[in-house]
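So this one's structure.csv, CSV, C-alpha atoms:
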chain,number,residue,atom,x,y,z
A,1,MET,CA,-113.8,72.9,-65.0
A,2,SER,CA,-112.2,71.6,-68.2
A,3,PHE,CA,-111.2,73.2,-71.5
A,4,HIS,CA,-109.9,72.1,-74.9
A,5,MET,CA,-106.6,73.0,-76.3
A,6,LEU,CA,-107.5,73.7,-79.9
A,7,CYS,CA,-103.9,74.1,-81.2
A,8,PRO,CA,-103.5,72.7,-84.7
A,9,ALA,CA,-102.2,69.2,-85.0
A,10,PRO,CA,-101.4,68.6,-88.7
A,11,VAL,CA,-102.5,65.4,-90.3
A,12,ARG,CA,-100.5,64.5,-93.3
A,13,PRO,CA,-101.0,61.6,-95.7
A,14,ARG,CA,-99.2,58.5,-94.7
A,15,LEU,CA,-95.9,57.7,-96.2
A,16,ARG,CA,-97.3,54.8,-98.2
A,17,ALA,CA,-99.9,57.0,-99.7
A,18,ARG,CA,-97.4,59.6,-100.6
A,19,LEU,CA,-95.2,57.0,-102.4
A,20,LEU,CA,-98.0,55.6,-104.6
A,21,VAL,CA,-97.6,58.0,-107.5
A,22,PRO,CA,-93.7,58.3,-107.4
A,23,GLY,CA,-93.6,54.5,-107.3
A,24,ALA,CA,-95.9,54.3,-110.3
A,25,LEU,CA,-94.0,56.9,-112.3
A,26,ALA,CA,-90.7,55.1,-111.5
A,27,ALA,CA,-92.1,51.8,-112.7
A,28,PHE,CA,-93.3,53.5,-116.0
A,29,ALA,CA,-89.8,55.1,-116.4
A,30,GLY,CA,-88.2,51.7,-115.9
A,31,ALA,CA,-90.4,50.1,-118.5
A,32,VAL,CA,-89.5,52.8,-121.0
A,33,VAL,CA,-85.8,52.2,-120.4
A,34,LEU,CA,-86.2,48.4,-121.0
A,35,LEU,CA,-88.2,49.0,-124.2
A,36,THR,CA,-85.6,51.5,-125.4
A,37,VAL,CA,-82.9,49.0,-124.9
A,38,LEU,CA,-84.8,46.4,-126.8
A,39,HIS,CA,-85.2,48.7,-129.7
A,40,VAL,CA,-81.6,49.9,-129.7
A,41,ASP,CA,-79.6,46.7,-129.0
A,42,ARG,CA,-80.1,44.4,-132.0
A,43,ARG,CA,-78.2,41.6,-130.2
A,44,LEU,CA,-81.0,41.2,-127.7
A,45,ALA,CA,-83.8,41.7,-130.3
A,46,PRO,CA,-82.8,41.5,-134.0
A,47,LEU,CA,-86.2,42.8,-135.1
A,48,ASP,CA,-87.3,45.4,-137.5
A,49,PRO,CA,-89.4,47.9,-135.5
A,50,VAL,CA,-91.2,49.0,-138.6
A,51,SER,CA,-92.6,45.6,-139.6
A,52,THR,CA,-92.5,43.3,-136.5
A,53,MET,CA,-95.0,43.5,-133.7
A,54,LEU,CA,-94.1,44.3,-130.1
A,55,SER,CA,-95.1,40.8,-129.0
A,56,ASP,CA,-92.3,39.4,-131.2
A,57,TYR,CA,-89.9,40.4,-128.5
A,58,ALA,CA,-91.2,37.5,-126.5
A,59,LEU,CA,-89.7,35.2,-129.1
A,60,SER,CA,-86.3,36.9,-129.1
A,61,PRO,CA,-83.2,36.7,-126.8
A,62,GLY,CA,-84.4,39.8,-125.1
A,63,ARG,CA,-87.6,38.3,-123.8
A,64,GLY,CA,-86.6,39.0,-120.2
A,65,LEU,CA,-86.5,42.7,-120.9
A,66,TRP,CA,-89.9,42.5,-122.7
A,67,ASP,CA,-91.5,40.6,-119.8
A,68,GLY,CA,-89.9,43.0,-117.3
A,69,SER,CA,-91.3,46.1,-119.1
A,70,LEU,CA,-94.8,44.6,-119.0
A,71,LEU,CA,-94.4,43.7,-115.3
A,72,LEU,CA,-93.3,47.2,-114.5
A,73,THR,CA,-96.1,48.8,-116.4
A,74,SER,CA,-98.6,46.5,-114.7
A,75,THR,CA,-97.2,47.2,-111.3
A,76,GLY,CA,-97.1,50.9,-111.9
A,77,SER,CA,-100.7,50.9,-113.2
A,78,ALA,CA,-101.8,49.1,-110.1
A,79,LEU,CA,-100.2,51.7,-107.8
A,80,LEU,CA,-101.7,54.4,-110.0
A,81,LEU,CA,-105.1,52.8,-109.7
A,82,VAL,CA,-104.9,52.9,-105.9
A,83,ALA,CA,-103.8,56.5,-106.0
A,84,LEU,CA,-106.6,57.6,-108.3
A,85,CYS,CA,-109.2,55.9,-106.1
A,86,ARG,CA,-107.8,57.3,-102.9
A,87,ARG,CA,-107.9,60.8,-104.3
A,88,GLY,CA,-111.5,60.5,-105.5
A,89,LEU,CA,-110.7,60.8,-109.2
A,90,LEU,CA,-111.6,57.2,-110.1
A,91,ALA,CA,-114.8,56.3,-108.3
A,92,ASN,CA,-116.9,54.5,-111.0
A,93,PRO,CA,-116.9,50.7,-110.3
A,94,ALA,CA,-116.9,50.0,-114.1
A,95,LEU,CA,-113.9,52.2,-114.7
A,96,VAL,CA,-112.1,50.6,-111.7
A,97,ALA,CA,-112.8,47.2,-113.3
A,98,ALA,CA,-111.4,48.5,-116.7
A,99,LYS,CA,-108.2,49.7,-115.0
A,100,VAL,CA,-107.9,46.3,-113.2
A,101,LEU,CA,-108.4,44.6,-116.6
A,102,TRP,CA,-105.6,46.7,-118.0
A,103,CYS,CA,-103.2,45.6,-115.2
A,104,VAL,CA,-104.2,41.9,-115.5
A,105,SER,CA,-104.1,41.8,-119.3
A,106,LEU,CA,-100.5,43.2,-119.3
A,107,LEU,CA,-99.5,40.3,-117.1
A,108,ALA,CA,-101.3,37.8,-119.3
A,109,VAL,CA,-99.5,39.2,-122.4
A,110,ALA,CA,-96.2,38.6,-120.6
A,111,VAL,CA,-97.0,35.1,-119.3
A,112,PHE,CA,-98.6,33.8,-122.5
A,113,ALA,CA,-96.4,34.4,-125.5
A,114,LYS,CA,-97.8,34.8,-129.0
A,115,ASP,CA,-97.6,32.0,-131.6
A,116,PRO,CA,-94.7,32.3,-134.0
A,117,GLN,CA,-95.8,33.8,-137.4
A,118,GLY,CA,-97.0,31.0,-139.6
A,119,GLY,CA,-97.0,28.4,-136.8
A,120,ALA,CA,-99.7,26.4,-135.4
A,121,VAL,CA,-102.4,28.2,-133.3
A,122,THR,CA,-102.1,27.2,-129.6
A,123,ALA,CA,-104.1,27.8,-126.5
A,124,THR,CA,-101.3,30.0,-125.2
A,125,GLY,CA,-101.4,32.0,-128.4
A,126,LYS,CA,-105.1,32.5,-128.1
A,127,ILE,CA,-104.9,33.7,-124.6
A,128,HIS,CA,-102.2,36.1,-125.7
A,129,LEU,CA,-104.5,37.4,-128.4
A,130,TYR,CA,-107.4,37.9,-126.1
A,131,ALA,CA,-105.2,39.7,-123.5
A,132,SER,CA,-103.8,42.0,-126.2
A,133,ALA,CA,-107.3,42.9,-127.3
A,134,VAL,CA,-108.2,43.9,-123.7
A,135,THR,CA,-105.1,46.1,-123.4
A,136,CYS,CA,-106.2,47.8,-126.6
A,137,LEU,CA,-109.5,48.9,-125.1
A,138,SER,CA,-109.2,49.2,-121.4
A,139,LEU,CA,-106.7,52.0,-120.8
A,140,PRO,CA,-108.2,54.4,-123.5
A,141,VAL,CA,-111.7,53.8,-122.0
A,142,VAL,CA,-110.4,54.8,-118.6
A,143,GLY,CA,-108.6,57.8,-119.9
A,144,TRP,CA,-111.5,59.1,-121.9
A,145,ALA,CA,-114.1,58.5,-119.2
A,146,LEU,CA,-112.0,60.2,-116.5
A,147,GLY,CA,-111.4,63.2,-118.8
A,148,ARG,CA,-115.1,63.4,-119.6
A,149,ARG,CA,-116.1,63.2,-115.9
A,150,HIS,CA,-113.8,66.0,-114.8
A,151,ARG,CA,-113.9,68.2,-117.9
A,152,ASP,CA,-116.0,70.9,-116.1
A,153,ASP,CA,-113.9,70.9,-112.9
A,154,PRO,CA,-111.7,74.0,-113.0
A,155,ARG,CA,-109.0,72.2,-110.9
A,156,TRP,CA,-108.7,69.4,-113.4
A,157,ARG,CA,-109.8,70.8,-116.7
A,158,ARG,CA,-106.3,70.7,-118.2
A,159,PHE,CA,-105.6,67.1,-117.1
A,160,ALA,CA,-109.1,66.1,-118.3
A,161,THR,CA,-108.5,67.6,-121.7
A,162,TRP,CA,-105.2,65.8,-122.2
A,163,SER,CA,-106.6,62.6,-120.9
A,164,ARG,CA,-109.4,62.7,-123.4
A,165,ARG,CA,-107.1,63.8,-126.3
A,166,LEU,CA,-104.6,61.0,-125.8
A,167,ALA,CA,-107.3,58.4,-125.4
A,168,LEU,CA,-109.1,59.5,-128.6
A,169,ALA,CA,-105.8,59.8,-130.5
A,170,ALA,CA,-105.1,56.1,-129.7
A,171,ILE,CA,-108.3,54.8,-131.2
A,172,PRO,CA,-107.2,55.0,-134.9
A,173,PHE,CA,-104.1,53.0,-134.0
A,174,TYR,CA,-106.2,50.3,-132.3
A,175,LEU,CA,-108.6,49.8,-135.2
A,176,PRO,CA,-106.3,47.8,-137.4
A,177,PHE,CA,-106.0,45.3,-134.6
A,178,ILE,CA,-109.5,45.3,-133.2
A,179,VAL,CA,-111.5,45.1,-136.5
A,180,PRO,CA,-109.7,41.9,-137.8
A,181,PHE,CA,-109.8,40.4,-134.3
A,182,ALA,CA,-113.6,41.0,-134.0
A,183,VAL,CA,-114.3,39.6,-137.5
A,184,ASN,CA,-112.1,36.6,-137.0
A,185,VAL,CA,-113.2,35.6,-133.5
A,186,VAL,CA,-116.8,36.8,-133.4
A,187,LEU,CA,-117.9,36.3,-137.0
A,188,GLY,CA,-115.6,33.5,-138.0
A,189,GLY,CA,-114.0,35.5,-140.8
A,190,HIS,CA,-110.4,35.4,-142.0
A,191,LEU,CA,-109.3,39.1,-142.2
A,192,PRO,CA,-105.6,39.6,-142.0
A,193,THR,CA,-104.1,42.0,-139.5
A,194,VAL,CA,-102.9,44.9,-141.6
A,195,ALA,CA,-101.2,47.0,-139.0
A,196,THR,CA,-97.4,47.2,-139.0
A,197,GLY,CA,-95.0,47.3,-136.1
A,198,LEU,CA,-94.6,51.0,-136.5
A,199,VAL,CA,-98.3,51.6,-135.9
A,200,GLU,CA,-98.2,49.5,-132.8
A,201,ARG,CA,-95.2,51.4,-131.5
A,202,LEU,CA,-97.0,54.7,-132.0
A,203,MET,CA,-99.9,53.2,-130.0
A,204,MET,CA,-97.5,52.3,-127.3
A,205,VAL,CA,-96.1,55.9,-127.1
A,206,LEU,CA,-99.7,57.2,-126.7
A,207,GLU,CA,-100.4,54.7,-123.9
A,208,ILE,CA,-97.2,55.7,-122.0
A,209,ALA,CA,-98.1,59.4,-122.4
A,210,LEU,CA,-101.6,58.7,-121.1
A,211,LEU,CA,-100.2,56.9,-118.1
A,212,GLY,CA,-97.9,59.8,-117.5
A,213,VAL,CA,-100.8,62.3,-117.6
A,214,LEU,CA,-102.8,60.2,-115.2
A,215,GLY,CA,-99.9,59.9,-112.8
A,216,TYR,CA,-99.2,63.6,-112.7
A,217,TRP,CA,-102.9,64.2,-112.3
A,218,ALA,CA,-103.0,61.9,-109.3
A,219,HIS,CA,-99.9,63.6,-107.9
A,220,ARG,CA,-101.5,67.1,-108.2
A,221,ALA,CA,-104.6,65.7,-106.5
A,222,MET,CA,-102.7,64.7,-103.4
A,223,PRO,CA,-104.1,66.6,-100.4
A,224,THR,CA,-101.5,69.1,-99.2
A,225,GLY,CA,-103.5,71.3,-96.9
A,226,VAL,CA,-103.2,70.9,-93.1
A,227,ARG,CA,-106.2,69.5,-91.4
A,228,PHE,CA,-106.8,70.3,-87.7
A,229,ARG,CA,-107.8,68.1,-84.9
A,230,PRO,CA,-108.3,69.0,-81.3
A,231,ARG,CA,-105.7,67.9,-78.8
A,232,ALA,CA,-106.5,66.0,-75.7
A,233,GLN,CA,-108.7,67.6,-73.0
A,234,VAL,CA,-106.7,69.3,-70.3
A,235,SER,CA,-108.2,69.6,-66.8
A,236,PRO,CA,-106.8,72.1,-64.3
A,237,ALA,CA,-105.4,70.6,-61.1
Rewrite the coordinates I just gave you, this time as structure tokens.
Amino acid sequence: MSFHMLCPAPVRPRLRARLLVPGALAAFAGAVVLLTVLHVDRRLAPLDPVSTMLSDYALSPGRGLWDGSLLLTSTGSALLLVALCRRGLLANPALVAAKVLWCVSLLAVAVFAKDPQGGAVTATGKIHLYASAVTCLSLPVVGWALGRRHRDDPRWRRFATWSRRLALAAIPFYLPFIVPFAVNVVLGGHLPTVATGLVERLMMVLEIALLGVLGYWAHRAMPTGVRFRPRAQVSPA
């Protein structure tokens, strides 16, 4: 005669899974620190934050900090992508692809520097321009779609609301970049980019805030309850 010992054996998330979100948030915090240093220390980047674009940091002595901030943001976004998928928040293949595009385009912006203002148009500069356009669209799409999908779930209603709000708030800041880009590239026009550096920096703040909301959302979605599994069968002697 045999019987089962049904004493609870807790099954907790693996250490690597528990570190995904803290690692992502730490990477985002590191990126914010590097960007703050670039804006404060004029020896590294003697640029006017009101009139110059963020990509101009790639042409300054502080390029290492600029590239580092993009690398940290891309790495943190990749960790966040895995966390969102593992916790069932991000399941749509199209949205997963959009988040992957966000990560890859950030790396492309770092690797391929922009052309100097008034200089010749190069292949590197064109790749930078395309990658920048992708970053303008991909993250807000993910944030808005995630918020829309989970807006009726009582567990995630607050996160979904903020995700949608931040994504929608970013759209007006993207239009001055996207509209001239679309006209010039798709229709062959010659519209100037009218956005200033200040507009782009406000856009950056909204992006960072959206990443923070998604990170905290993924953290709250981590399973904390104890699951039970039967212990090994025990047979009497």
Please report the interatomic distance between CA of Gly143 (chain A) and CA of Arg164 (chain A) in Å with one decimal.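 Computing it gives 6.1 Å between the two atoms.
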From the set A:Gly62, A:Pro172, A:Pro154, A:Gly76, which residue has the shortest atom-to-atom contact distance to Leu34 (chain A), counting only C-alpha atoms?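 Distance minimum relative to Leu34 (chain A) lands on A:Gly62.
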Any idea what's packed within 9 Å of Ile208 (chain A), counting only C-alpha atoms, ignoring anything in its chain fewer than 6 positions away? Could you give it as a list in words?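 Once the nearby chain positions are removed, what remains is Phe28, Val32 and Thr73 of chain A.
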Of the candidates A:Gln117, A:Ser132, A:Thr52, A:Thr124, which one gets nearest to His39 (chain A) if we count only C-alpha atoms? A:Thr52
Closest to Trp102 (chain A) among A:Pro223, A:Gly68, A:Gly125, A:Pro140, using all atoms listed in the file?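 So, comparing all the options, the nearest one is A:Pro140.
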Could you pull the residues within 10 Å of Ala221 (chain A), counting all atoms listed in the file, minus those fewer than 2 positions along the same chain, as a list in words? Ala83, Leu84, Arg86, Arg87, Gly88, Leu89, Arg155, Trp156, Gly215, Tyr216, Trp217, Ala218, His219, Pro223 and Thr224 of chain A
With C-alpha atoms retained, write the just-selected residues as a short mmCIF file (atom, residue, chain, number, x, y, z; two decimals), in the frame of the given file.
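out-v2.cif written:
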data_model
loop_
_atom_site.label_atom_id
_atom_site.label_comp_id
_atom_site.auth_asym_id
_atom_site.auth_seq_id
_atom_site.Cartn_x
_atom_site.Cartn_y
_atom_site.Cartn_z
CA ALA A 83 -103.80 56.50 -106.00
CA LEU A 84 -106.60 57.60 -108.30
CA ARG A 86 -107.80 57.30 -102.90
CA ARG A 87 -107.90 60.80 -104.30
CA GLY A 88 -111.50 60.50 -105.50
CA LEU A 89 -110.70 60.80 -109.20
CA ARG A 155 -109.00 72.20 -110.90
CA TRP A 156 -108.70 69.40 -113.40
CA GLY A 215 -99.90 59.90 -112.80
CA TYR A 216 -99.20 63.60 -112.70
CA TRP A 217 -102.90 64.20 -112.30
CA ALA A 218 -103.00 61.90 -109.30
CA HIS A 219 -99.90 63.60 -107.90
CA PRO A 223 -104.10 66.60 -100.40
CA THR A 224 -101.50 69.10 -99.20
#
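Minimum atom-to-atom distances from A:Leu44, A:Ala98, A:Leu90, A:Leu168 to Pro61 (chain A) were compared using only C-alpha atoms, and the lowest value belongs to A:Leu44.
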Looking at all atoms listed in the file, which of A:Gly30, A:His150, A:Leu107, A:Arg63 is the one that sits closest to Pro46 (chain A)?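 Looking at the shortest contact to Pro46 (chain A), the residue is A:Arg63.
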What separates CA of Pro176 (chain A) and CA of Leu72 (chain A) is a distance of 26.3 Å
I'd like the neighbourhood of Leu59 (chain A) as a list of chain:residue names, where a residue qualifies if any of its atoms comes within 8 Å (using all atoms listed in the file), though same-chain residues fewer than 3 positions away should be ignored.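 Skipping anything fewer than 3 positions along the chain leaves A:Ser55, A:Asp56, A:Arg63, A:Ala113, A:Pro116.
Compared by their closest atoms to Leu206 (chain A), and using all atoms listed in the file, the residues A:Tyr174, A:Ala169, A:Val40, A:Ala31 rank with A:Ala169 nearest.
One finds CA of Val205 (chain A) at 17.9 Å from CA of Thr161 (chain A).
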